[in-house]
Amino acid sequence: MITVKIQVDAHIAEYIKGKYFDNEIGVVRFPSTLDIYVLIYDLLQKRPVNCPIESGNLEFMLPDRRDANLAGGKSPEQFNYLSQRAAKRLGDKMRVMMWAELHDLMDENKHIKGIQFKDSVFEFMCRYGIESISEDALLKNYQRWRDKLRRTSKRRYSRK
């Protein structure tokens, strides 16, 4: 098992650890059915000679695909480096995963189950052990997203 560390926002790291942490191996392990698993595999490179071991707040296991030992495959023993650009791209993908899940949960809970937004945010934060961001920040993000997505034009007020 070969792992790599990247630096992401604290609340993103808590979300990913809460969702994909594997207690048997002690690190985050993405299922091979996810897009991010394939993205990590595609972004892996051979480690440059003068490159130090990376540090970060999110450690995860590298993909080990069946075709890694075949011609053109990437073995984790040789391809175990993520550049800064690749780490940023992964962080952005993880951020999108978190916000998409939160927004979907909030919409479903409000419109189907009748649960208030604050209760949905609290449930989300408890489920994944998120402590580094406030409930209000998550609520505000949802409100911005909802206004941007659903409101076609701002209401005009007339002055009298």
# chains A, B, ... in the order shown; residues from 1 in each chain; ligands from 1

call {"tool": "residues_around", "arguments": {"residues": "Asp64 in chain A", "least_positions_apart": "2", "cutoff": "12 Å", "atoms": "only C-alpha atoms", "output": "PyMOL selection string"}}
result
chain A and resi 1-3+29-32+37-38+40-42+44+61-62+66-69+73-80

call {"tool": "select_by_dssp", "arguments": {"residues": "chain A", "states": "helix (DSSP H, G or I)", "output": "PyMOL selection string"}}
result
chain A and resi 10-20+35-43+66-69+84-113+117-128+135-150

call {"tool": "atom_distance", "arguments": {"atom1": "CA of Trp99 in chain A", "atom2": "CA of Asn141 in chain A"}}
result
8.5 Å

call {"tool": "select_by_dssp", "arguments": {"residues": "range 45-134 of chain A", "states": "strand (DSSP E or B)", "output": "list in words"}}
result
Gln45, Leu58, Glu59, Phe60, Met61 and Tyr81 of chain A

call {"tool": "write_last_selection", "arguments": {"atoms": "all heavy atoms", "output": "CSV table (one decimal), in the first residue's frame"}}
result
chain,number,residue,atom,x,y,z
A,45,GLN,N,2.4,10.6,-11.5
A,45,GLN,CA,3.6,10.8,-12.3
A,45,GLN,C,4.8,10.1,-11.6
A,45,GLN,O,4.6,9.8,-10.4
A,45,GLN,CB,4.0,12.2,-12.5
A,45,GLN,CG,3.0,13.1,-13.1
A,45,GLN,CD,3.4,14.6,-13.1
A,45,GLN,OE1,4.5,14.9,-12.5
A,45,GLN,NE2,2.6,15.4,-13.7
A,58,LEU,N,-4.3,15.7,4.1
A,58,LEU,CA,-5.1,14.6,3.7
A,58,LEU,C,-4.3,13.5,3.0
A,58,LEU,O,-3.6,13.7,2.0
A,58,LEU,CB,-6.2,15.1,2.6
A,58,LEU,CG,-7.1,14.0,2.0
A,58,LEU,CD1,-8.0,13.4,3.1
A,58,LEU,CD2,-8.0,14.6,1.0
A,59,GLU,N,-4.2,12.3,3.7
A,59,GLU,CA,-3.4,11.2,3.2
A,59,GLU,C,-4.4,10.2,2.6
A,59,GLU,O,-5.4,9.8,3.2
A,59,GLU,CB,-2.6,10.6,4.3
A,59,GLU,CG,-1.7,9.5,3.8
A,59,GLU,CD,-0.8,8.9,4.9
A,59,GLU,OE1,-1.1,9.2,6.1
A,59,GLU,OE2,0.1,8.2,4.6
A,60,PHE,N,-4.1,9.7,1.4
A,60,PHE,CA,-5.0,8.7,0.8
A,60,PHE,C,-4.1,7.7,0.0
A,60,PHE,O,-3.0,7.9,-0.3
A,60,PHE,CB,-6.0,9.3,-0.1
A,60,PHE,CG,-5.5,10.2,-1.2
A,60,PHE,CD1,-5.2,9.7,-2.4
A,60,PHE,CD2,-5.4,11.5,-1.0
A,60,PHE,CE1,-4.7,10.5,-3.4
A,60,PHE,CE2,-4.9,12.4,-2.0
A,60,PHE,CZ,-4.5,11.8,-3.2
A,61,MET,N,-4.7,6.5,-0.1
A,61,MET,CA,-4.1,5.4,-0.8
A,61,MET,C,-4.1,5.6,-2.3
A,61,MET,O,-5.2,6.0,-2.8
A,61,MET,CB,-4.8,4.1,-0.4
A,61,MET,CG,-4.1,2.9,-0.8
A,61,MET,SD,-4.9,1.4,-0.1
A,61,MET,CE,-5.3,0.6,-1.6
A,81,TYR,N,3.7,10.2,-7.4
A,81,TYR,CA,3.9,11.6,-7.2
A,81,TYR,C,2.7,12.4,-7.8
A,81,TYR,O,2.3,12.1,-9.0
A,81,TYR,CB,5.2,12.0,-7.8
A,81,TYR,CG,5.4,13.5,-7.8
A,81,TYR,CD1,5.8,14.2,-6.6
A,81,TYR,CD2,5.3,14.3,-9.0
A,81,TYR,CE1,6.0,15.5,-6.6
A,81,TYR,CE2,5.6,15.7,-8.9
A,81,TYR,CZ,5.9,16.3,-7.7
A,81,TYR,OH,6.1,17.6,-7.7

call {"tool": "residues_around", "arguments": {"residues": "Met94 in chain A", "least_positions_apart": "6", "cutoff": "12 Å", "atoms": "only C-alpha atoms", "output": "PDB file with N, CA and C atoms, in the first residue's frame"}}
result
ATOM      1  N   ILE A   6      -1.796  15.370   0.284  1.00  0.00           N
ATOM      2  CA  ILE A   6      -1.991  16.657  -0.374  1.00  0.00           C
ATOM      3  C   ILE A   6      -2.577  17.625   0.641  1.00  0.00           C
ATOM      4  N   GLN A   7      -2.432  18.903   0.366  1.00  0.00           N
ATOM      5  CA  GLN A   7      -2.963  19.952   1.228  1.00  0.00           C
ATOM      6  C   GLN A   7      -4.270  20.462   0.627  1.00  0.00           C
ATOM      7  N   VAL A   8      -5.347  20.357   1.390  1.00  0.00           N
ATOM      8  CA  VAL A   8      -6.650  20.893   0.983  1.00  0.00           C
ATOM      9  C   VAL A   8      -7.221  21.682   2.158  1.00  0.00           C
ATOM     10  N   ASP A   9      -8.318  22.383   1.920  1.00  0.00           N
ATOM     11  CA  ASP A   9      -8.981  23.105   3.006  1.00  0.00           C
ATOM     12  C   ASP A   9      -9.354  22.122   4.110  1.00  0.00           C
ATOM     13  N   ALA A  10      -9.337  22.597   5.351  1.00  0.00           N
ATOM     14  CA  ALA A  10      -9.567  21.713   6.498  1.00  0.00           C
ATOM     15  C   ALA A  10     -10.938  21.045   6.443  1.00  0.00           C
ATOM     16  N   HIS A  11     -11.969  21.789   6.056  1.00  0.00           N
ATOM     17  CA  HIS A  11     -13.310  21.185   6.034  1.00  0.00           C
ATOM     18  C   HIS A  11     -13.453  20.162   4.909  1.00  0.00           C
ATOM     19  N   ILE A  12     -12.711  20.340   3.828  1.00  0.00           N
ATOM     20  CA  ILE A  12     -12.715  19.353   2.740  1.00  0.00           C
ATOM     21  C   ILE A  12     -12.023  18.073   3.215  1.00  0.00           C
ATOM     22  N   ALA A  13     -10.897  18.223   3.907  1.00  0.00           N
ATOM     23  CA  ALA A  13     -10.184  17.053   4.436  1.00  0.00           C
ATOM     24  C   ALA A  13     -11.051  16.293   5.429  1.00  0.00           C
ATOM     25  N   GLU A  14     -11.768  17.013   6.288  1.00  0.00           N
ATOM     26  CA  GLU A  14     -12.643  16.348   7.255  1.00  0.00           C
ATOM     27  C   GLU A  14     -13.773  15.601   6.544  1.00  0.00           C
ATOM     28  N   TYR A  15     -14.331  16.210   5.514  1.00  0.00           N
ATOM     29  CA  TYR A  15     -15.403  15.559   4.750  1.00  0.00           C
ATOM     30  C   TYR A  15     -14.906  14.267   4.094  1.00  0.00           C
ATOM     31  N   ILE A  16     -13.755  14.350   3.413  1.00  0.00           N
ATOM     32  CA  ILE A  16     -13.217  13.178   2.712  1.00  0.00           C
ATOM     33  C   ILE A  16     -12.866  12.076   3.714  1.00  0.00           C
ATOM     34  N   LYS A  17     -12.256  12.445   4.824  1.00  0.00           N
ATOM     35  CA  LYS A  17     -11.929  11.442   5.852  1.00  0.00           C
ATOM     36  C   LYS A  17     -13.198  10.835   6.436  1.00  0.00           C
ATOM     37  N   LYS A  19     -16.019  10.435   5.003  1.00  0.00           N
ATOM     38  CA  LYS A  19     -16.761   9.646   4.021  1.00  0.00           C
ATOM     39  C   LYS A  19     -15.999   8.404   3.566  1.00  0.00           C
ATOM     40  N   TYR A  20     -14.687   8.515   3.350  1.00  0.00           N
ATOM     41  CA  TYR A  20     -13.935   7.433   2.713  1.00  0.00           C
ATOM     42  C   TYR A  20     -12.813   6.834   3.561  1.00  0.00           C
ATOM     43  N   PHE A  30     -10.332   5.527  -1.729  1.00  0.00           N
ATOM     44  CA  PHE A  30     -11.440   5.799  -2.628  1.00  0.00           C
ATOM     45  C   PHE A  30     -11.865   4.514  -3.339  1.00  0.00           C
ATOM     46  N   LEU A  34     -15.467   5.346  -8.344  1.00  0.00           N
ATOM     47  CA  LEU A  34     -15.611   6.801  -8.350  1.00  0.00           C
ATOM     48  C   LEU A  34     -14.749   7.448  -9.436  1.00  0.00           C
ATOM     49  N   ASP A  35     -15.209   8.591  -9.909  1.00  0.00           N
ATOM     50  CA  ASP A  35     -14.441   9.362 -10.893  1.00  0.00           C
ATOM     51  C   ASP A  35     -13.118   9.843 -10.325  1.00  0.00           C
ATOM     52  N   ILE A  36     -13.100  10.168  -9.029  1.00  0.00           N
ATOM     53  CA  ILE A  36     -11.869  10.694  -8.433  1.00  0.00           C
ATOM     54  C   ILE A  36     -10.779   9.628  -8.396  1.00  0.00           C
ATOM     55  N   TYR A  37     -11.151   8.373  -8.293  1.00  0.00           N
ATOM     56  CA  TYR A  37     -10.190   7.259  -8.334  1.00  0.00           C
ATOM     57  C   TYR A  37      -9.463   7.265  -9.678  1.00  0.00           C
ATOM     58  N   LEU A  39      -9.320   9.815 -11.757  1.00  0.00           N
ATOM     59  CA  LEU A  39      -8.598  11.080 -11.880  1.00  0.00           C
ATOM     60  C   LEU A  39      -7.235  10.991 -11.193  1.00  0.00           C
ATOM     61  N   ILE A  40      -7.193  10.414 -10.001  1.00  0.00           N
ATOM     62  CA  ILE A  40      -5.911  10.248  -9.297  1.00  0.00           C
ATOM     63  C   ILE A  40      -4.969   9.392 -10.138  1.00  0.00           C
ATOM     64  N   LEU A  58      -4.309  15.663   4.145  1.00  0.00           N
ATOM     65  CA  LEU A  58      -5.144  14.572   3.658  1.00  0.00           C
ATOM     66  C   LEU A  58      -4.259  13.505   3.028  1.00  0.00           C
ATOM     67  N   ALA A  87      -2.467  18.285  -7.350  1.00  0.00           N
ATOM     68  CA  ALA A  87      -3.052  18.359  -6.008  1.00  0.00           C
ATOM     69  C   ALA A  87      -4.153  19.409  -5.961  1.00  0.00           C
ATOM     70  N   LYS A  88      -3.950  20.527  -6.631  1.00  0.00           N
ATOM     71  CA  LYS A  88      -4.977  21.568  -6.686  1.00  0.00           C
ATOM     72  C   LYS A  88      -6.209  21.055  -7.421  1.00  0.00           C
ATOM     73  N   ALA A 100     -21.749  19.477  -3.711  1.00  0.00           N
ATOM     74  CA  ALA A 100     -22.845  18.826  -4.435  1.00  0.00           C
ATOM     75  C   ALA A 100     -23.645  17.936  -3.496  1.00  0.00           C
ATOM     76  N   GLU A 101     -22.960  17.178  -2.646  1.00  0.00           N
ATOM     77  CA  GLU A 101     -23.668  16.307  -1.708  1.00  0.00           C
ATOM     78  C   GLU A 101     -24.468  17.121  -0.698  1.00  0.00           C
TER      79      GLU A 101
END

call {"tool": "closest_residue", "arguments": {"among": "A:Leu43, A:Met106, A:Cys51, A:Ile115", "to": "Ala86 in chain A", "atoms": "only C-alpha atoms"}}
result
A:Leu43

call {"tool": "closest_residue", "arguments": {"among": "A:Leu90, A:Tyr142, A:Ile133, A:Leu149", "to": "Leu105 in chain A", "atoms": "only C-alpha atoms"}}
result
A:Tyr142
